[in-house]
file entry_2.cif (mmCIF, C-alpha atoms)
data_my_file
loop_
_atom_site.label_atom_id
_atom_site.label_comp_id
_atom_site.auth_asym_id
_atom_site.auth_seq_id
_atom_site.Cartn_x
_atom_site.Cartn_y
_atom_site.Cartn_z
CA MET A 79 0.00 0.00 0.00
CA SER A 80 1.28 3.44 -0.82
CA GLY A 81 0.06 6.96 -0.21
CA SER A 82 -0.10 9.30 2.71
CA SER A 83 -0.52 8.20 6.28
CA ASP A 84 -4.11 9.52 6.06
CA VAL A 85 -4.80 7.07 3.23
CA VAL A 86 -3.33 4.19 5.23
CA LEU A 87 -5.26 5.21 8.36
CA GLY A 88 -8.47 5.47 6.33
CA PHE A 89 -7.97 1.94 5.05
CA ILE A 90 -7.76 0.44 8.58
CA ARG A 91 -9.97 2.91 10.50
CA THR A 92 -13.06 0.67 10.73
CA ASP A 93 -11.06 -2.30 12.01
CA LEU A 94 -9.24 -0.15 14.58
CA GLU A 95 -12.52 1.32 15.83
CA ALA A 96 -14.03 -2.18 16.05
CA ILE A 97 -11.32 -3.18 18.54
CA GLY A 98 -11.68 -0.07 20.69
CA PHE A 99 -9.36 2.54 19.19
CA ASP A 100 -10.20 6.21 18.91
CA VAL A 101 -8.92 7.14 15.45
CA GLU A 102 -8.07 10.50 13.90
CA LYS A 103 -10.83 11.31 11.43
CA SER A 104 -9.28 14.28 9.62
CA LYS A 105 -6.68 17.02 9.98
CA LYS A 106 -9.24 19.34 11.65
CA SER A 107 -8.33 19.91 15.29
CA SER A 108 -11.70 18.61 16.47
CA ASP A 109 -11.11 15.30 14.64
CA LYS A 110 -7.62 14.65 16.00
CA ILE A 111 -6.64 12.41 18.92
CA PHE A 112 -4.49 13.99 21.62
CA ARG A 113 -2.65 12.45 24.58
CA PRO A 114 -1.75 14.67 27.54
CA VAL A 115 1.90 15.16 28.42
CA THR A 116 1.97 17.70 31.27
CA PHE A 117 -0.72 18.98 33.56
CA GLY A 118 -1.37 22.44 34.96
CA ILE A 119 -3.79 23.98 37.42
CA ASN A 120 -6.55 21.64 38.63
CA GLY A 121 -4.99 18.76 36.69
CA ASN A 122 -5.98 20.17 33.31
CA PRO A 123 -3.74 19.05 30.45
CA GLN A 124 -1.24 21.82 29.78
CA LEU A 125 0.61 20.15 26.91
CA LYS A 126 -0.87 17.51 24.59
CA TYR A 127 0.57 15.67 21.61
CA GLU A 128 -1.31 14.31 18.65
CA ILE A 129 -1.43 10.59 17.90
CA ASP A 130 -3.09 8.77 14.98
CA ALA A 131 -5.02 6.30 17.13
CA TYR A 132 -5.28 5.37 20.81
CA ASN A 133 -6.98 2.58 22.74
CA SER A 134 -7.65 3.72 26.31
CA LYS A 135 -8.52 0.21 27.53
CA THR A 136 -5.28 -1.43 26.34
CA ARG A 137 -3.23 1.82 26.54
CA VAL A 138 -1.89 1.28 23.03
CA GLY A 139 -0.89 4.23 20.86
CA LEU A 140 -0.57 3.97 17.08
CA GLU A 141 1.42 6.15 14.70
CA ILE A 142 1.41 5.66 10.95
CA GLU A 143 4.21 7.09 8.83
CA ALA A 144 4.17 7.15 5.06
CA GLY A 145 7.19 8.29 3.14
CA ARG A 146 9.04 10.02 5.93
CA GLY A 147 9.53 7.29 8.49
CA VAL A 148 13.32 7.41 8.25
CA MET A 149 14.27 10.27 5.93
CA GLY A 150 12.05 12.77 7.75
CA ASN A 151 13.14 11.38 11.14
CA ALA A 152 9.51 10.61 12.05
CA ILE A 153 10.61 7.39 13.76
CA TYR A 154 12.66 9.40 16.25
CA ARG A 155 9.84 11.88 16.85
CA ASP A 156 7.36 9.04 17.44
CA LEU A 157 9.69 7.27 19.88
CA ILE A 158 10.25 10.46 21.91
CA LEU A 159 6.61 11.57 21.93
CA GLY A 160 5.60 8.07 23.00
CA MET A 161 7.93 8.41 26.00
CA VAL A 162 6.20 11.50 27.35
CA MET A 163 2.53 10.80 26.56
CA THR A 164 0.51 9.64 29.54
CA ASN A 165 -0.92 6.12 29.60
CA VAL A 166 0.90 4.76 26.56
CA ASP A 167 2.14 1.33 27.62
CA HIS A 168 2.61 -0.01 24.10
CA LEU A 169 3.48 1.98 21.00
CA VAL A 170 2.81 0.71 17.49
CA ILE A 171 4.52 2.46 14.60
CA ALA A 172 3.57 1.51 11.05
CA VAL A 173 6.00 2.43 8.28
CA ALA A 174 6.28 1.64 4.60
CA ASN A 175 8.41 -1.40 3.82
CA GLU A 176 10.16 0.69 1.19
CA TYR A 177 10.10 4.37 0.34
CA ARG A 178 10.93 5.28 -3.25
CA TYR A 179 12.05 8.76 -4.23
CA LYS A 180 14.06 10.50 -6.91
CA SER A 181 17.40 12.10 -6.20
CA LYS A 182 18.53 14.12 -9.21
CA SER A 183 17.91 11.69 -12.06
CA LYS A 184 18.00 8.36 -10.30
CA GLN A 185 15.45 6.43 -8.28
CA ILE A 186 16.40 5.67 -4.66
CA ILE A 187 14.79 2.96 -2.53
CA SER A 188 14.96 3.40 1.22
CA LYS A 189 14.27 0.26 3.26
CA ASP A 190 12.26 2.15 5.89
CA PHE A 191 10.84 -0.86 7.73
CA GLU A 192 14.27 -2.49 8.17
CA LYS A 193 15.85 0.80 9.25
CA CYS A 194 13.09 1.49 11.79
CA VAL A 195 13.41 -2.03 13.23
CA ASP A 196 17.18 -1.50 13.56
CA ILE A 197 16.62 1.82 15.38
CA CYS A 198 14.10 0.25 17.79
CA ASN A 199 16.31 -2.78 18.42
CA ALA A 200 19.24 -0.48 19.18
CA LEU A 201 17.15 1.43 21.72
CA SER A 202 15.41 -1.51 23.36
CA GLY A 203 18.62 -3.54 23.56
CA ASN A 204 20.67 -0.72 25.04
CA THR A 205 21.26 -0.63 28.80
CA ARG A 206 21.57 3.19 28.76
CA VAL A 207 18.02 3.66 27.49
CA LYS A 208 14.85 2.40 29.18
CA LEU A 209 11.73 2.82 27.09
CA PRO A 210 8.59 3.31 29.24
CA TYR A 211 6.57 1.21 26.80
CA THR A 212 6.89 -1.87 24.64
CA ILE A 213 6.99 -1.33 20.92
CA THR A 214 5.83 -2.96 17.70
CA ILE A 215 6.94 -1.89 14.23
CA ILE A 216 4.64 -2.83 11.37
CA GLY A 217 5.75 -2.76 7.75
CA TYR A 218 3.15 -2.26 5.08
#

call {"tool": "encode", "arguments": {"input": "entry_2.cif", "output": "structure tokens"}}
result
Amino acid sequence: MSGSSDVVLGFIRTDLEAIGFDVEKSKKSSDKIFRPVTFGINGNPQLKYEIDAYNSKTRVGLEIEAGRGVMGNAIYRDLILGMVMTNVDHLVIAVANEYRYKSKSKQIISKDFEKCVDICNALSGNTRVKLPYTITIIGY
């Protein structure tokens, strides 16, 4: 499957909702899913980050990246944001198996899924870093 992350999310939205996920419906603020990060006066969320889908019962967050998983450093952003969002015990990041783009006159293929798995393995297998959640990388 190719296309934007919105296209991918639209393809799996019904199935995610059927298993209890709240899913971003559009790019309008009222249709987005936010997870609180910090709290202010009276416990009101002071800082919130956006996530593509979230299941409050299982505390699973889902991010879908299309085309910029590695090159746009989205994998790193997702890993960091997952660390600070409240009640995210498991993070799922879906990335394209391969991302094809043109550089000057030649076609380049980036193995995004493999690169993202390598990044996550390096973090989860490192004794200097302790992720506050478990992680699954899905290639599509």

call {"tool": "resolve_selection", "arguments": {"input": "entry_2.cif", "expression": "the PyMOL selection byres ((chain A and resi 211) around 7)", "output": "mmCIF file with C-alpha atoms, in the frame of the given file"}}
result
data_model
loop_
_atom_site.group_PDB
_atom_site.id
_atom_site.type_symbol
_atom_site.label_atom_id
_atom_site.label_comp_id
_atom_site.auth_asym_id
_atom_site.auth_seq_id
_atom_site.Cartn_x
_atom_site.Cartn_y
_atom_site.Cartn_z
ATOM 1 C CA VAL A 166 0.900 4.760 26.560
ATOM 2 C CA ASP A 167 2.140 1.330 27.620
ATOM 3 C CA HIS A 168 2.610 -0.010 24.100
ATOM 4 C CA LEU A 169 3.480 1.980 21.000
ATOM 5 C CA LEU A 209 11.730 2.820 27.090
ATOM 6 C CA PRO A 210 8.590 3.310 29.240
ATOM 7 C CA THR A 212 6.890 -1.870 24.640
ATOM 8 C CA ILE A 213 6.990 -1.330 20.920
#

call {"tool": "axis_aligned_box", "arguments": {"input": "entry_2.cif", "around": "stretch 80-97 of chain A", "padding_each_side": "5 Å", "output": "lines of an AutoDock Vina configuration file"}}
result
center_x = -6.4
center_y = 3.2
center_z = 8.9
size_x = 25.3
size_y = 22.7
size_z = 29.4

call {"tool": "resolve_selection", "arguments": {"input": "entry_2.cif", "expression": "the PyMOL selection byres ((chain A and resi 176) around 12)", "output": "PDB file with C-alpha atoms, keeping the file's coordinate frame"}}
result
ATOM      1  CA  MET A  79       0.000   0.000   0.000  1.00  0.00           C
ATOM      2  CA  SER A  80       1.280   3.440  -0.820  1.00  0.00           C
ATOM      3  CA  GLY A  81       0.060   6.960  -0.210  1.00  0.00           C
ATOM      4  CA  GLU A 143       4.210   7.090   8.830  1.00  0.00           C
ATOM      5  CA  ALA A 144       4.170   7.150   5.060  1.00  0.00           C
ATOM      6  CA  GLY A 145       7.190   8.290   3.140  1.00  0.00           C
ATOM      7  CA  ARG A 146       9.040  10.020   5.930  1.00  0.00           C
ATOM      8  CA  GLY A 147       9.530   7.290   8.490  1.00  0.00           C
ATOM      9  CA  VAL A 148      13.320   7.410   8.250  1.00  0.00           C
ATOM     10  CA  MET A 149      14.270  10.270   5.930  1.00  0.00           C
ATOM     11  CA  ALA A 172       3.570   1.510  11.050  1.00  0.00           C
ATOM     12  CA  VAL A 173       6.000   2.430   8.280  1.00  0.00           C
ATOM     13  CA  ALA A 174       6.280   1.640   4.600  1.00  0.00           C
ATOM     14  CA  ASN A 175       8.410  -1.400   3.820  1.00  0.00           C
ATOM     15  CA  TYR A 177      10.100   4.370   0.340  1.00  0.00           C
ATOM     16  CA  ARG A 178      10.930   5.280  -3.250  1.00  0.00           C
ATOM     17  CA  TYR A 179      12.050   8.760  -4.230  1.00  0.00           C
ATOM     18  CA  ILE A 186      16.400   5.670  -4.660  1.00  0.00           C
ATOM     19  CA  ILE A 187      14.790   2.960  -2.530  1.00  0.00           C
ATOM     20  CA  SER A 188      14.960   3.400   1.220  1.00  0.00           C
ATOM     21  CA  LYS A 189      14.270   0.260   3.260  1.00  0.00           C
ATOM     22  CA  ASP A 190      12.260   2.150   5.890  1.00  0.00           C
ATOM     23  CA  PHE A 191      10.840  -0.860   7.730  1.00  0.00           C
ATOM     24  CA  GLU A 192      14.270  -2.490   8.170  1.00  0.00           C
ATOM     25  CA  LYS A 193      15.850   0.800   9.250  1.00  0.00           C
ATOM     26  CA  CYS A 194      13.090   1.490  11.790  1.00  0.00           C
ATOM     27  CA  GLY A 217       5.750  -2.760   7.750  1.00  0.00           C
ATOM     28  CA  TYR A 218       3.150  -2.260   5.080  1.00  0.00           C
TER      29      TYR A 218
END

call {"tool": "resolve_selection", "arguments": {"input": "entry_2.cif", "expression": "the PyMOL selection byres ((chain A and resi 98) around 8)", "output": "list in words"}}
result
Leu94, Glu95, Ala96, Ile97, Phe99, Asp100, Asn133, Ser134 and Lys135 of chain A

call {"tool": "residues_around", "arguments": {"input": "entry_2.cif", "residues": "stretch 116-128 of chain A", "least_positions_apart": "5", "cutoff": "10 Å", "atoms": "only C-alpha atoms", "output": "list in words"}}
result
Glu102, Ser107, Lys110, Ile111, Glu141, Leu159, Gly160, Val162, Met163 and Thr164 of chain A

call {"tool": "atom_distance", "arguments": {"input": "entry_2.cif", "atom1": "atom CA of A:Arg206", "atom2": "atom CA of A:Ala152"}}
result
21.9 Å

call {"tool": "atom_distance", "arguments": {"input": "entry_2.cif", "atom1": "atom CA of A:Leu87", "atom2": "atom CA of A:Val195"}}
result
20.6 Å

call {"tool": "atom_distance", "arguments": {"input": "entry_2.cif", "atom1": "atom CA of A:Tyr154", "atom2": "atom CA of A:Val115"}}
result
17.2 Å

call {"tool": "closest_residue", "arguments": {"input": "entry_2.cif", "among": "A:Ile158, A:Val170, A:Ile142, A:Val101", "to": "A:Ser82", "atoms": "only C-alpha atoms"}}
result
A:Ile142

call {"tool": "closest_residue", "arguments": {"input": "entry_2.cif", "among": "A:Met161, A:Asp109, A:Ile215, A:Pro114", "to": "A:Ile197", "atoms": "only C-alpha atoms"}}
result
A:Ile215

call {"tool": "build_atoms", "arguments": {"input": "entry_2.cif", "residues": "stretch 160-189 of chain A", "atoms": "N, CA and C atoms", "output": "JSON list (two decimals), keeping the file's coordinate frame"}}
result
[["chain", "number", "residue", "atom", "x", "y", "z"],
["A", 160, "GLY", "N", 6.16, 9.20, 22.27],
["A", 160, "GLY", "CA", 5.60, 8.07, 23.00],
["A", 160, "GLY", "C", 6.11, 7.98, 24.43],
["A", 161, "MET", "N", 7.35, 8.44, 24.65],
["A", 161, "MET", "CA", 7.93, 8.41, 26.00],
["A", 161, "MET", "C", 7.25, 9.37, 26.96],
["A", 162, "VAL", "N", 6.74, 10.48, 26.45],
["A", 162, "VAL", "CA", 6.20, 11.50, 27.35],
["A", 162, "VAL", "C", 4.68, 11.54, 27.42],
["A", 163, "MET", "N", 3.99, 10.85, 26.50],
["A", 163, "MET", "CA", 2.53, 10.80, 26.56],
["A", 163, "MET", "C", 2.07, 9.96, 27.73],
["A", 164, "THR", "N", 1.03, 10.41, 28.41],
["A", 164, "THR", "CA", 0.51, 9.64, 29.54],
["A", 164, "THR", "C", -0.23, 8.40, 29.04],
["A", 165, "ASN", "N", -0.15, 7.35, 29.83],
["A", 165, "ASN", "CA", -0.92, 6.12, 29.60],
["A", 165, "ASN", "C", -0.69, 5.46, 28.24],
["A", 166, "VAL", "N", 0.53, 5.52, 27.75],
["A", 166, "VAL", "CA", 0.90, 4.76, 26.56],
["A", 166, "VAL", "C", 1.86, 3.68, 27.04],
["A", 167, "ASP", "N", 1.33, 2.46, 27.16],
["A", 167, "ASP", "CA", 2.14, 1.33, 27.62],
["A", 167, "ASP", "C", 2.71, 0.52, 26.45],
["A", 168, "HIS", "N", 2.10, 0.68, 25.29],
["A", 168, "HIS", "CA", 2.61, -0.01, 24.10],
["A", 168, "HIS", "C", 2.44, 0.95, 22.93],
["A", 169, "LEU", "N", 3.50, 1.10, 22.16],
["A", 169, "LEU", "CA", 3.48, 1.98, 21.00],
["A", 169, "LEU", "C", 3.64, 1.14, 19.74],
["A", 170, "VAL", "N", 2.75, 1.37, 18.79],
["A", 170, "VAL", "CA", 2.81, 0.71, 17.49],
["A", 170, "VAL", "C", 3.12, 1.79, 16.45],
["A", 171, "ILE", "N", 4.17, 1.53, 15.67],
["A", 171, "ILE", "CA", 4.52, 2.46, 14.60],
["A", 171, "ILE", "C", 4.49, 1.68, 13.29],
["A", 172, "ALA", "N", 3.66, 2.14, 12.36],
["A", 172, "ALA", "CA", 3.57, 1.51, 11.05],
["A", 172, "ALA", "C", 4.31, 2.37, 10.03],
["A", 173, "VAL", "N", 5.21, 1.73, 9.30],
["A", 173, "VAL", "CA", 6.00, 2.43, 8.28],
["A", 173, "VAL", "C", 5.97, 1.63, 6.99],
["A", 174, "ALA", "N", 6.22, 2.32, 5.89],
["A", 174, "ALA", "CA", 6.28, 1.64, 4.60],
["A", 174, "ALA", "C", 7.47, 0.68, 4.59],
["A", 175, "ASN", "N", 7.27, -0.47, 3.97],
["A", 175, "ASN", "CA", 8.41, -1.40, 3.82],
["A", 175, "ASN", "C", 9.54, -0.72, 3.07],
["A", 176, "GLU", "N", 9.18, -0.03, 1.99],
["A", 176, "GLU", "CA", 10.16, 0.69, 1.19],
["A", 176, "GLU", "C", 9.60, 2.05, 0.83],
["A", 177, "TYR", "N", 10.48, 3.03, 0.77],
["A", 177, "TYR", "CA", 10.10, 4.37, 0.34],
["A", 177, "TYR", "C", 10.93, 4.70, -0.90],
["A", 178, "ARG", "N", 10.24, 5.00, -1.99],
["A", 178, "ARG", "CA", 10.93, 5.28, -3.25],
["A", 178, "ARG", "C", 10.85, 6.78, -3.52],
["A", 179, "TYR", "N", 12.00, 7.34, -3.90],
["A", 179, "TYR", "CA", 12.05, 8.76, -4.23],
["A", 179, "TYR", "C", 13.14, 9.00, -5.26],
["A", 180, "LYS", "N", 13.06, 10.16, -5.90],
["A", 180, "LYS", "CA", 14.06, 10.50, -6.91],
["A", 180, "LYS", "C", 15.06, 11.47, -6.31],
["A", 181, "SER", "N", 16.31, 11.21, -6.57],
["A", 181, "SER", "CA", 17.40, 12.10, -6.20],
["A", 181, "SER", "C", 18.13, 12.44, -7.49],
["A", 182, "LYS", "N", 18.01, 13.69, -7.89],
["A", 182, "LYS", "CA", 18.53, 14.12, -9.21],
["A", 182, "LYS", "C", 17.85, 13.28, -10.27],
["A", 183, "SER", "N", 18.55, 12.44, -10.97],
["A", 183, "SER", "CA", 17.91, 11.69, -12.06],
["A", 183, "SER", "C", 17.78, 10.20, -11.77],
["A", 184, "LYS", "N", 18.11, 9.80, -10.57],
["A", 184, "LYS", "CA", 18.00, 8.36, -10.30],
["A", 184, "LYS", "C", 16.99, 8.07, -9.19],
["A", 185, "GLN", "N", 16.43, 6.88, -9.27],
["A", 185, "GLN", "CA", 15.45, 6.43, -8.28],
["A", 185, "GLN", "C", 16.18, 5.80, -7.09],
["A", 186, "ILE", "N", 15.80, 6.20, -5.88],
["A", 186, "ILE", "CA", 16.40, 5.67, -4.66],
["A", 186, "ILE", "C", 15.33, 4.87, -3.91],
["A", 187, "ILE", "N", 15.71, 3.75, -3.36],
["A", 187, "ILE", "CA", 14.79, 2.96, -2.53],
["A", 187, "ILE", "C", 15.35, 2.91, -1.12],
["A", 188, "SER", "N", 14.58, 3.44, -0.19],
["A", 188, "SER", "CA", 14.96, 3.40, 1.22],
["A", 188, "SER", "C", 14.20, 2.27, 1.89],
["A", 189, "LYS", "N", 14.89, 1.40, 2.57],
["A", 189, "LYS", "CA", 14.27, 0.26, 3.26],
["A", 189, "LYS", "C", 13.80, 0.73, 4.65]]
